[in-house]
file upload.txt (compact mmCIF, C-alpha atoms)
# COMPACT_ATOMS: atom_id res chain seq x y z
CA MET A 1 -85.23 53.12 9.12
CA THR A 2 -84.90 53.80 12.80
CA THR A 3 -86.32 57.05 14.01
CA LYS A 4 -84.25 57.39 17.17
CA SER A 5 -80.86 57.75 15.48
CA ASN A 6 -82.41 60.14 12.97
CA SER A 7 -83.58 62.46 15.69
CA ILE A 8 -80.09 62.59 17.23
CA SER A 9 -78.40 63.11 13.88
CA ARG A 10 -80.88 65.89 13.03
CA SER A 11 -80.69 67.76 16.31
CA TRP A 12 -78.45 70.78 16.09
CA TRP A 13 -77.00 71.47 19.55
CA TRP A 14 -74.00 69.16 19.26
CA LYS A 15 -73.10 70.52 15.83
CA ILE A 16 -72.98 74.06 17.28
CA LEU A 17 -70.83 72.61 20.08
CA ALA A 18 -68.48 71.03 17.52
CA ILE A 19 -68.08 74.28 15.57
CA GLY A 20 -67.56 76.26 18.77
CA MET A 21 -64.90 73.91 20.05
CA LEU A 22 -63.08 73.83 16.72
CA VAL A 23 -63.07 77.64 16.45
CA TYR A 24 -61.70 77.74 20.01
CA THR A 25 -59.11 75.09 19.07
CA PHE A 26 -57.89 77.03 16.06
CA ILE A 27 -57.66 80.36 17.89
CA MET A 28 -56.12 79.07 21.11
CA GLY A 29 -54.13 76.40 19.29
CA PHE A 30 -52.20 78.94 17.27
CA LEU A 31 -52.16 81.83 19.74
CA GLY A 32 -52.27 80.23 23.19
CA PRO A 33 -49.21 79.81 25.42
CA VAL A 34 -47.19 76.58 25.12
CA PRO A 35 -44.18 75.39 27.15
CA ALA A 36 -40.83 76.03 25.46
CA MET A 37 -39.16 72.67 24.93
CA PRO A 38 -35.99 71.74 23.06
CA ILE A 39 -36.34 70.16 19.58
CA ILE A 40 -40.13 70.23 19.62
CA ASN A 41 -40.36 74.00 20.07
CA GLU A 42 -43.53 75.54 18.62
CA SER A 43 -44.35 72.34 16.73
CA ILE A 44 -45.84 71.12 20.02
CA ARG A 45 -49.02 72.81 18.77
CA ASN A 46 -49.41 69.85 16.43
CA LEU A 47 -50.85 68.07 19.47
CA TYR A 48 -54.15 69.85 18.80
CA PHE A 49 -54.27 68.93 15.12
CA HIS A 50 -52.50 65.57 14.89
CA VAL A 51 -53.20 63.57 18.05
CA THR A 52 -56.85 64.61 17.94
CA MET A 53 -57.18 63.07 14.46
CA TRP A 54 -56.34 59.66 15.91
CA MET A 55 -58.89 60.11 18.68
CA ALA A 56 -61.60 60.91 16.14
CA MET A 57 -60.47 58.03 13.92
CA ILE A 58 -60.58 55.50 16.75
CA THR A 59 -64.02 56.70 17.82
CA LEU A 60 -65.31 56.26 14.25
CA MET A 61 -63.77 52.80 13.99
CA PHE A 62 -65.48 51.91 17.21
CA VAL A 63 -68.77 53.13 15.70
CA ASN A 64 -68.02 50.92 12.69
CA VAL A 65 -67.58 47.77 14.77
CA VAL A 66 -70.62 48.52 16.98
CA TYR A 67 -72.85 49.02 13.92
CA SER A 68 -71.42 45.92 12.25
CA LEU A 69 -72.42 43.92 15.32
CA LYS A 70 -75.81 45.62 15.33
CA TYR A 71 -76.29 44.76 11.66
CA LEU A 72 -75.47 41.09 12.23
CA SER A 73 -78.01 40.87 15.04
CA SER A 74 -80.76 42.99 13.46
CA GLY A 75 -80.34 42.63 9.69
CA LYS A 76 -81.35 46.27 9.13
CA LEU A 77 -79.49 47.79 6.19
CA TYR A 78 -79.48 51.16 7.95
CA HIS A 79 -77.01 49.78 10.51
CA ASP A 80 -74.70 48.63 7.75
CA LEU A 81 -74.92 52.03 6.09
CA VAL A 82 -73.79 53.76 9.30
CA GLY A 83 -71.00 51.19 9.67
CA GLU A 84 -69.73 51.74 6.15
CA GLU A 85 -69.83 55.52 6.32
CA SER A 86 -68.07 55.61 9.69
CA ALA A 87 -65.27 53.47 8.23
CA ARG A 88 -65.03 55.89 5.30
CA MET A 89 -64.83 58.87 7.64
CA ALA A 90 -62.24 57.04 9.77
CA MET A 91 -60.11 56.69 6.64
CA VAL A 92 -60.39 60.43 6.02
CA PHE A 93 -59.21 61.15 9.56
CA ALA A 94 -56.45 58.55 9.24
CA SER A 95 -55.16 60.33 6.13
CA ALA A 96 -55.38 63.70 7.85
CA GLY A 97 -53.51 62.34 10.88
CA LEU A 98 -50.88 60.80 8.65
CA ILE A 99 -50.31 64.02 6.71
CA THR A 100 -50.10 66.24 9.80
CA GLY A 101 -47.79 63.69 11.41
CA MET A 102 -45.50 63.41 8.40
CA ILE A 103 -45.12 67.17 8.07
CA TRP A 104 -44.34 67.40 11.78
CA ALA A 105 -41.90 64.47 11.67
CA ASN A 106 -40.08 65.96 8.71
CA PHE A 107 -39.13 68.96 10.86
CA THR A 108 -38.66 67.22 14.21
CA TRP A 109 -37.11 63.87 13.27
CA GLY A 110 -35.68 64.92 9.92
CA ALA A 111 -37.63 62.34 7.94
CA PRO A 112 -41.31 61.91 7.12
CA TRP A 113 -41.33 58.15 7.74
CA VAL A 114 -39.41 56.23 10.41
CA ASN A 115 -39.70 52.77 11.89
CA ASP A 116 -41.98 53.67 14.76
CA PRO A 117 -44.76 51.57 16.36
CA GLN A 118 -47.39 54.25 15.84
CA LEU A 119 -46.51 54.63 12.18
CA ASN A 120 -46.56 50.90 11.56
CA GLY A 121 -49.88 50.66 13.35
CA THR A 122 -51.30 53.38 11.13
CA ALA A 123 -50.04 51.74 7.96
CA ALA A 124 -51.65 48.45 9.01
CA THR A 125 -54.92 50.14 9.94
CA MET A 126 -55.17 51.93 6.62
CA LEU A 127 -54.40 48.75 4.67
CA ILE A 128 -57.03 46.85 6.64
CA TYR A 129 -59.74 49.41 5.96
CA ALA A 130 -58.70 49.75 2.32
CA ALA A 131 -59.19 45.97 2.08
CA TYR A 132 -62.59 46.39 3.74
CA PHE A 133 -63.70 48.73 0.94
CA ILE A 134 -62.23 46.52 -1.77
CA LEU A 135 -64.21 43.60 -0.35
CA ARG A 136 -67.40 45.64 -0.24
CA ASN A 137 -66.96 46.81 -3.82
CA ALA A 138 -66.43 43.24 -4.99
CA ILE A 139 -69.97 42.24 -3.96
CA THR A 140 -72.94 43.50 -5.91
CA ASP A 141 -75.81 42.12 -3.84
CA GLU A 142 -76.75 44.63 -1.14
CA ILE A 143 -77.66 42.24 1.66
CA LYS A 144 -74.75 39.94 0.98
CA ARG A 145 -72.38 42.91 0.91
CA ALA A 146 -73.69 44.13 4.25
CA ARG A 147 -73.33 40.75 5.93
CA ILE A 148 -69.89 39.88 4.59
CA GLY A 149 -68.63 43.42 5.11
CA SER A 150 -69.77 43.34 8.74
CA VAL A 151 -68.07 40.00 9.38
CA TYR A 152 -64.80 41.25 7.93
CA GLY A 153 -65.15 44.57 9.75
CA ILE A 154 -65.47 42.90 13.15
CA PHE A 155 -62.60 40.49 12.50
CA ALA A 156 -60.41 43.31 11.17
CA PHE A 157 -61.13 45.58 14.13
CA VAL A 158 -60.06 42.92 16.63
CA MET A 159 -56.86 42.15 14.70
CA MET A 160 -56.07 45.85 14.38
CA PHE A 161 -56.60 46.27 18.11
CA VAL A 162 -54.25 43.35 18.85
CA PHE A 163 -51.66 44.86 16.50
CA ILE A 164 -51.80 48.25 18.19
CA MET A 165 -51.53 46.55 21.61
CA ILE A 166 -48.54 44.32 20.87
CA ILE A 167 -46.51 46.54 18.59
CA PRO A 168 -45.13 48.83 21.34
CA LYS A 169 -43.63 45.70 22.92
CA MET A 170 -41.45 45.32 19.83
CA ASN A 171 -39.46 48.53 19.93
CA ASP A 172 -39.53 51.89 21.64
CA SER A 173 -41.39 54.74 20.07
CA LEU A 174 -39.81 57.96 18.92
CA HIS A 175 -42.96 59.85 19.78
CA PRO A 176 -42.82 62.58 22.42
CA GLY A 177 -43.58 61.21 25.86
CA LYS A 178 -42.61 57.64 24.89
CA GLY A 179 -39.38 55.69 25.16
CA GLY A 180 -37.84 58.31 27.44
CA ASN A 181 -38.40 61.21 25.04
CA PRO A 182 -39.50 64.53 26.50
CA GLY A 183 -43.17 64.85 25.81
CA PHE A 184 -46.59 66.04 26.69
CA ASN A 185 -47.83 63.22 28.85
CA LYS A 186 -45.69 62.96 31.91
CA TYR A 187 -44.83 66.40 33.12
CA ASP A 188 -45.00 68.84 30.26
CA LEU A 189 -48.65 68.87 29.30
CA ASP A 190 -49.38 71.87 31.46
CA SER A 191 -52.84 73.08 32.31
CA ASN A 192 -52.75 75.64 29.48
CA MET A 193 -52.36 72.91 26.90
CA ARG A 194 -54.95 70.69 28.53
CA MET A 195 -57.44 73.53 28.26
CA VAL A 196 -57.07 73.38 24.48
CA PHE A 197 -56.34 69.68 23.99
CA TYR A 198 -59.49 68.24 25.56
CA PRO A 199 -61.91 70.57 23.75
CA ALA A 200 -59.97 69.83 20.54
CA VAL A 201 -60.50 66.08 21.01
CA ILE A 202 -64.22 66.54 21.62
CA GLY A 203 -64.55 69.04 18.77
CA TRP A 204 -62.84 66.91 16.13
CA THR A 205 -64.67 63.77 17.22
CA LEU A 206 -68.05 65.48 17.07
CA PHE A 207 -67.09 66.95 13.70
CA GLY A 208 -66.26 63.46 12.40
CA VAL A 209 -69.54 62.01 13.62
CA TRP A 210 -71.41 64.94 12.08
CA MET A 211 -69.78 64.44 8.66
CA MET A 212 -70.52 60.73 8.90
CA SER A 213 -74.19 61.35 9.64
CA LEU A 214 -74.36 63.76 6.69
CA ARG A 215 -72.95 61.07 4.40
CA VAL A 216 -75.51 58.60 5.73
CA ARG A 217 -78.35 61.03 4.98
CA LEU A 218 -76.93 61.71 1.52
CA ARG A 219 -76.83 57.99 0.80
CA LYS A 220 -80.43 57.62 1.90
CA ILE A 221 -81.51 60.43 -0.44
CA GLU A 222 -79.54 58.87 -3.30
CA GLU A 223 -81.27 55.57 -2.63
CA LYS A 224 -84.68 57.22 -2.66
CA ILE A 225 -83.97 58.98 -5.98
CA HIS A 226 -82.62 55.76 -7.41
CA ASN A 227 -85.71 53.80 -6.42
CA ALA A 228 -88.21 56.45 -7.57
CA MET B 1 -73.52 12.81 16.56
CA ASN B 2 -72.02 15.14 19.10
CA PHE B 3 -70.08 18.23 18.05
CA GLY B 4 -66.58 16.78 18.38
CA LYS B 5 -67.54 13.78 16.31
CA GLN B 6 -69.03 15.99 13.62
CA VAL B 7 -65.82 17.99 13.36
CA PHE B 8 -63.78 14.81 13.23
CA THR B 9 -65.96 13.35 10.48
CA LEU B 10 -65.54 16.46 8.37
CA ILE B 11 -61.75 16.47 8.84
CA LYS B 12 -61.63 12.82 7.75
CA LEU B 13 -63.77 13.61 4.73
CA GLU B 14 -61.54 16.51 3.78
CA ALA B 15 -58.41 14.35 4.05
CA LYS B 16 -60.03 11.57 2.02
CA LEU B 17 -60.99 13.95 -0.78
CA GLU B 18 -57.52 15.46 -0.77
CA TRP B 19 -55.98 12.01 -0.99
CA LYS B 20 -58.25 11.02 -3.86
CA ASN B 21 -57.06 13.99 -5.87
CA ARG B 22 -53.41 14.30 -4.93
CA GLN B 23 -52.75 16.92 -7.56
CA ALA B 24 -53.57 19.79 -5.17
CA VAL B 25 -51.10 18.68 -2.50
CA THR B 26 -48.41 17.97 -5.06
CA SER B 27 -48.80 21.35 -6.69
CA LEU B 28 -48.57 22.97 -3.27
CA LEU B 29 -45.33 21.17 -2.54
CA VAL B 30 -43.89 22.09 -5.92
CA TYR B 31 -44.95 25.69 -5.40
CA SER B 32 -43.03 26.02 -2.14
CA LEU B 33 -40.02 24.11 -3.46
CA ALA B 34 -39.92 26.42 -6.46
CA SER B 35 -40.15 29.47 -4.17
CA ILE B 36 -37.26 28.20 -2.07
CA TYR B 37 -35.22 27.52 -5.17
CA ILE B 38 -35.96 30.95 -6.64
CA SER B 39 -34.76 32.45 -3.35
CA TYR B 40 -31.64 30.33 -3.60
CA LEU B 41 -30.95 31.48 -7.15
CA SER B 42 -31.45 35.12 -6.25
CA PHE B 43 -29.69 35.15 -2.85
CA ARG B 44 -27.12 32.34 -3.24
CA GLN B 45 -26.40 32.55 0.48
CA VAL B 46 -28.03 34.23 3.42
CA LEU B 47 -25.50 35.11 6.09
CA ASP B 48 -27.66 37.38 8.22
CA PRO B 49 -29.93 35.36 10.56
CA VAL B 50 -32.61 38.09 10.51
CA THR B 51 -32.85 37.89 6.71
CA TRP B 52 -32.80 34.09 6.88
CA ASN B 53 -35.78 34.10 9.21
CA ALA B 54 -37.73 36.79 7.35
CA LEU B 55 -37.26 35.03 4.01
CA PHE B 56 -38.48 31.76 5.47
CA TRP B 57 -41.64 33.33 6.84
CA ILE B 58 -42.37 35.16 3.61
CA ILE B 59 -42.15 31.85 1.75
CA MET B 60 -44.44 30.30 4.38
CA LEU B 61 -46.89 33.19 4.04
CA PHE B 62 -47.21 32.76 0.29
CA ALA B 63 -47.35 28.98 0.47
CA GLY B 64 -50.02 29.22 3.18
CA THR B 65 -52.10 31.70 1.22
CA ASN B 66 -51.91 29.49 -1.82
CA ALA B 67 -52.82 26.38 0.15
CA ILE B 68 -55.77 27.83 2.01
CA ALA B 69 -57.24 30.15 -0.64
CA LYS B 70 -58.93 27.18 -2.29
CA SER B 71 -60.41 25.78 0.96
CA PHE B 72 -63.98 26.56 0.04
CA ILE B 73 -63.87 26.04 -3.71
CA GLN B 74 -64.94 22.41 -4.10
CA GLU B 75 -67.53 22.62 -1.36
CA SER B 76 -70.61 22.07 -3.50
CA LYS B 77 -69.91 18.54 -4.68
CA GLY B 78 -71.79 15.42 -3.68
CA LEU B 79 -71.19 13.98 -0.24
CA GLN B 80 -69.44 17.07 1.03
CA PHE B 81 -72.38 19.24 0.09
CA PHE B 82 -74.66 16.87 1.94
CA TYR B 83 -72.58 17.09 5.10
CA TYR B 84 -72.36 20.87 4.88
CA SER B 85 -76.09 21.24 4.63
CA MET B 86 -76.71 18.85 7.52
CA LEU B 87 -74.04 19.84 10.03
CA PRO B 88 -73.80 23.14 11.95
CA PRO B 89 -71.58 25.83 10.39
CA GLN B 90 -69.37 25.89 13.50
CA ALA B 91 -68.38 22.29 12.79
CA VAL B 92 -67.59 23.22 9.19
CA ILE B 93 -65.25 26.09 10.06
CA LEU B 94 -63.52 24.23 12.89
CA SER B 95 -62.93 21.19 10.69
CA LYS B 96 -61.54 23.40 7.92
CA ILE B 97 -59.25 25.20 10.38
CA PHE B 98 -57.95 21.98 11.94
CA TYR B 99 -57.44 20.38 8.57
CA ASN B 100 -55.55 23.43 7.31
CA ILE B 101 -53.41 23.45 10.47
CA LEU B 102 -52.44 19.86 9.71
CA LEU B 103 -51.75 20.68 6.08
CA LEU B 104 -49.74 23.80 6.78
CA GLY B 105 -47.90 22.19 9.72
CA VAL B 106 -46.68 19.33 7.53
CA LEU B 107 -45.88 21.67 4.66
CA GLY B 108 -44.02 23.99 7.05
CA GLY B 109 -41.99 21.09 8.39
CA ILE B 110 -40.96 20.02 4.88
CA ASN B 111 -40.21 23.63 3.92
CA PHE B 112 -38.08 24.11 7.03
CA PHE B 113 -36.11 20.94 6.36
CA ILE B 114 -35.35 21.83 2.74
CA TYR B 115 -34.79 25.51 3.44
CA SER B 116 -32.28 24.66 6.20
CA MET B 117 -30.44 22.36 3.83
CA ILE B 118 -30.21 24.82 0.95
CA PHE B 119 -29.36 27.85 3.05
CA GLN B 120 -27.10 26.87 5.97
CA SER B 121 -29.30 26.99 9.04
CA PRO B 122 -28.24 29.49 11.72
CA VAL B 123 -30.85 28.08 14.14
CA GLN B 124 -29.33 27.27 17.51
CA ASN B 125 -32.44 25.94 19.19
CA ASN B 126 -34.30 23.70 16.76
CA GLU B 127 -37.00 22.59 19.23
CA GLN B 128 -38.08 26.16 19.87
CA TYR B 129 -38.00 26.95 16.17
CA LEU B 130 -40.26 23.98 15.42
CA LEU B 131 -42.63 25.09 18.18
CA GLY B 132 -42.68 28.50 16.53
CA LEU B 133 -43.42 26.84 13.22
CA LEU B 134 -46.40 25.06 14.77
CA LEU B 135 -47.72 28.24 16.41
CA GLY B 136 -47.25 30.12 13.15
CA SER B 137 -49.07 27.44 11.17
CA ILE B 138 -52.00 27.60 13.58
CA GLY B 139 -52.24 31.37 13.25
CA LEU B 140 -51.78 31.46 9.48
CA SER B 141 -54.29 28.72 8.80
CA SER B 142 -56.98 29.96 11.17
CA THR B 143 -56.82 33.55 9.88
CA LEU B 144 -56.65 32.57 6.23
CA THR B 145 -59.42 29.97 6.55
CA LEU B 146 -61.90 32.59 7.74
CA VAL B 147 -60.71 34.98 5.02
CA ALA B 148 -61.11 32.23 2.41
CA GLY B 149 -64.65 31.70 3.72
CA ILE B 150 -65.36 35.41 3.34
CA VAL B 151 -63.93 35.45 -0.19
CA SER B 152 -65.87 32.34 -1.20
CA LYS B 153 -69.07 34.28 -0.48
CA ALA B 154 -67.81 37.36 -2.33
CA ASN B 155 -66.53 36.38 -5.76
CA ASN B 156 -64.03 33.60 -5.13
CA ASN B 157 -61.18 35.62 -6.52
CA ALA B 158 -57.95 34.15 -5.12
CA ALA B 159 -56.18 37.53 -5.21
CA LEU B 160 -58.76 38.85 -2.77
CA VAL B 161 -57.57 36.33 -0.15
CA ALA B 162 -54.15 37.97 -0.16
CA ILE B 163 -55.55 41.50 -0.13
CA LEU B 164 -57.86 40.79 2.80
CA GLY B 165 -55.57 38.40 4.64
CA PHE B 166 -52.15 40.05 4.62
CA PRO B 167 -53.02 43.13 6.70
CA LEU B 168 -54.73 40.89 9.26
CA LEU B 169 -51.58 38.78 9.53
CA PHE B 170 -49.28 41.65 10.55
CA PRO B 171 -49.55 41.04 14.32
CA LEU B 172 -49.06 37.30 13.93
CA LEU B 173 -46.05 37.65 11.62
CA LEU B 174 -44.39 40.25 13.83
CA MET B 175 -44.73 38.04 16.90
CA ILE B 176 -43.76 34.82 15.18
CA ILE B 177 -40.67 36.39 13.62
CA ARG B 178 -39.64 37.67 17.04
CA PHE B 179 -40.26 34.25 18.62
CA THR B 180 -38.36 32.29 15.97
CA GLY B 181 -35.65 34.97 15.91
CA ASN B 182 -35.07 34.30 19.60
CA ALA B 183 -34.89 30.58 18.80
CA ILE B 184 -32.24 31.28 16.15
CA ASN B 185 -30.16 33.21 18.66
CA GLY B 186 -30.55 30.37 21.12
CA TYR B 187 -32.07 32.46 23.91
CA SER B 188 -33.34 30.58 26.92
CA TRP B 189 -36.96 29.53 27.28
CA ALA B 190 -37.48 32.14 30.00
CA ILE B 191 -37.25 34.90 27.40
CA ASN B 192 -39.41 33.18 24.83
CA GLN B 193 -42.18 31.87 27.06
CA SER B 194 -44.01 35.19 27.25
CA TRP B 195 -44.02 35.35 23.43
CA CYS B 196 -45.30 31.79 23.35
CA GLY B 197 -48.13 32.79 25.70
CA LEU B 198 -49.00 35.81 23.58
CA LEU B 199 -49.03 33.71 20.40
CA LEU B 200 -51.31 31.13 22.02
CA LEU B 201 -53.60 33.94 23.13
CA LEU B 202 -53.69 35.45 19.63
CA ASN B 203 -54.41 32.07 18.04
CA GLY B 204 -57.17 31.50 20.58
CA ILE B 205 -58.74 34.87 19.75
CA ILE B 206 -58.65 34.13 16.01
CA ILE B 207 -60.23 30.68 16.39
CA ILE B 208 -62.95 31.95 18.74
CA LEU B 209 -63.76 34.81 16.37
CA SER B 210 -63.97 32.41 13.42
CA TYR B 211 -66.28 30.17 15.45
CA LEU B 212 -68.55 33.11 16.29
CA LEU B 213 -68.53 34.91 12.92
CA PHE B 214 -68.62 32.05 10.42
CA PRO B 215 -72.32 31.14 10.93
CA TYR B 216 -73.24 34.61 9.61
CA LEU B 217 -71.34 33.89 6.40
CA TRP B 218 -72.76 30.43 5.97
CA ARG B 219 -76.40 31.42 6.39
CA GLU B 220 -77.92 31.91 2.95
call {"tool": "encode", "arguments": {"input": "upload.txt", "output": "structure tokens"}}
result
Amino acid sequence: MTTKSNSISRSWWWKILAIGMLVYTFIMGFLGPVPAMPIINESIRNLYFHVTMWMAMITLMFVNVVYSLKYLSSGKLYHDLVGEESARMAMVFASAGLITGMIWANFTWGAPWVNDPQLNGTAATMLIYAAYFILRNAITDEIKRARIGSVYGIFAFVMMFVFIMIIPKMNDSLHPGKGGNPGFNKYDLDSNMRMVFYPAVIGWTLFGVWMMSLRVRLRKIEEKIHNA
Amino acid sequence: MNFGKQVFTLIKLEAKLEWKNRQAVTSLLVYSLASIYISYLSFRQVLDPVTWNALFWIIMLFAGTNAIAKSFIQESKGLQFFYYSMLPPQAVILSKIFYNILLLGVLGGINFFIYSMIFQSPVQNNEQYLLGLLLGSIGLSSTLTLVAGIVSKANNNAALVAILGFPLLFPLLLMIIRFTGNAINGYSWAINQSWCGLLLLLNGIIIILSYLLFPYLWRE
């Protein structure tokens, strides 16, 4: 087991930072000033709790592919463990992002599910990672599972990336700021919202990485008990 | 033997074995004919070109999955086993991919011919549609060949090929349906050439990834 990653996952300063930023996000996210815009109205606050989920999810998927590559080059099972747990955490954030998005869409668009590039991309991503876990569960041998899981993980990540890249070429998005809709990106994301949005992204991402590292440590303890 | 020759030898071997035991190819053909006929019985006629195209690609998807899922099943017999243990894994995967492209390309051509006869073809530009068929066959067979390789190392359950493969095929299917849809509407090449470029790029990415990742599966 590598000692370097352990020391980072056991140090406490970035966990304090994550909690601080999330507390700030919740207070300022619900109470802070937001621009008054038609249709979106106060639901614009979902920016802090929905968009940030995707950022955390993509970071964790990136961790998954990096550790899959590391596993294939090193053959250390620890790398595969981090890869697997980051994919699991990415699925948690994907579900959270989907739920927050569907609640928001139900009020803003009038329906929880519409034919939108982002929604299709999410559906594909979740199916791909569900398949990843099905594949892993189908293999009993530890080393074989790690190797085959890593190969599929890398292939799946690239295909998912291609899908997310090409799908906006197919049809315009209904999302704010896209396809001519009024939104946060171009002119409306004022400095007040930026002051909450960026800390929220960092906070949720750090939170996700923290939970992932806890799961990794839990798995290591389980393994130790199992072997004893 | 240089690399190209190794790949070529393996493709020839694959074709020879397939020819010796024609049952597999025949069953594949019957499978897709039966799917087309079931569609005919349930739809009777397809007037909407979008539905026509989507139905064709769904039939191709299932036929392709069925054809390629068994790519790695008879690998451990006699001469083939000898070649596989002597030649580099890159040659093995490339030969499988090229062989499956041939197989699926021919199957796709036959499917297209029969499908157009049974349901009146709305295709206005047949050359572009056939090009789309070729590009689609390349993408389907290269993706599914790697997935079949993965599954062969897991538990060789054919259902797993569909579970793992379908989500990975979303980008390819979306693009190929757009490309062939343009061919049905008879749009000019100027509109379709960027889609053609993107499809070639995607196929290139898939084949390069298979080339790089397969040795890790093969190593045992």
call {"tool": "residues_around", "arguments": {"input": "upload.txt", "residues": "Leu172 (chain B)", "least_positions_apart": "4", "cutoff": "10 Å", "atoms": "only C-alpha atoms", "output": "CSV table (one decimal) with C-alpha atoms, keeping the file's coordinate frame"}}
result
chain,number,residue,atom,x,y,z
A,159,MET,CA,-56.9,42.2,14.7
A,162,VAL,CA,-54.2,43.4,18.8
A,163,PHE,CA,-51.7,44.9,16.5
A,166,ILE,CA,-48.5,44.3,20.9
B,135,LEU,CA,-47.7,28.2,16.4
B,136,GLY,CA,-47.2,30.1,13.2
B,139,GLY,CA,-52.2,31.4,13.2
B,140,LEU,CA,-51.8,31.5,9.5
B,143,THR,CA,-56.8,33.6,9.9
B,168,LEU,CA,-54.7,40.9,9.3
B,176,ILE,CA,-43.8,34.8,15.2
B,177,ILE,CA,-40.7,36.4,13.6
B,178,ARG,CA,-39.6,37.7,17.0
B,198,LEU,CA,-49.0,35.8,23.6
B,199,LEU,CA,-49.0,33.7,20.4
B,202,LEU,CA,-53.7,35.4,19.6
B,203,ASN,CA,-54.4,32.1,18.0
call {"tool": "atom_distance", "arguments": {"input": "upload.txt", "atom1": "CA of Leu98 (chain A)", "atom2": "CA of Tyr48 (chain A)"}}
result
14.0 Å
call {"tool": "atom_distance", "arguments": {"input": "upload.txt", "atom1": "CA of Pro117 (chain A)", "atom2": "CA of Leu174 (chain B)"}}
result
11.6 Å
call {"tool": "residues_around", "arguments": {"input": "upload.txt", "residues": "Leu209 (chain B)", "least_positions_apart": "5", "cutoff": "10 Å", "atoms": "all atoms listed in the file", "output": "number ranges by chain"}}
result
A: 151, 154-155, 158; B: 142-143, 146, 203-204, 214
call {"tool": "closest_residue", "arguments": {"input": "upload.txt", "among": "B:Ala154, B:Ala159, B:Leu212, B:Leu103", "to": "chain A", "atoms": "all atoms listed in the file"}}
result
B:Ala154
call {"tool": "residues_near_point", "arguments": {"input": "upload.txt", "point": "(-49.0, 36.0, 1.0)", "cutoff": "9 Å", "atoms": "all atoms listed in the file", "output": "VMD selection string"}}
result
chain B and resid 58 to 66 161 to 163 165 to 166
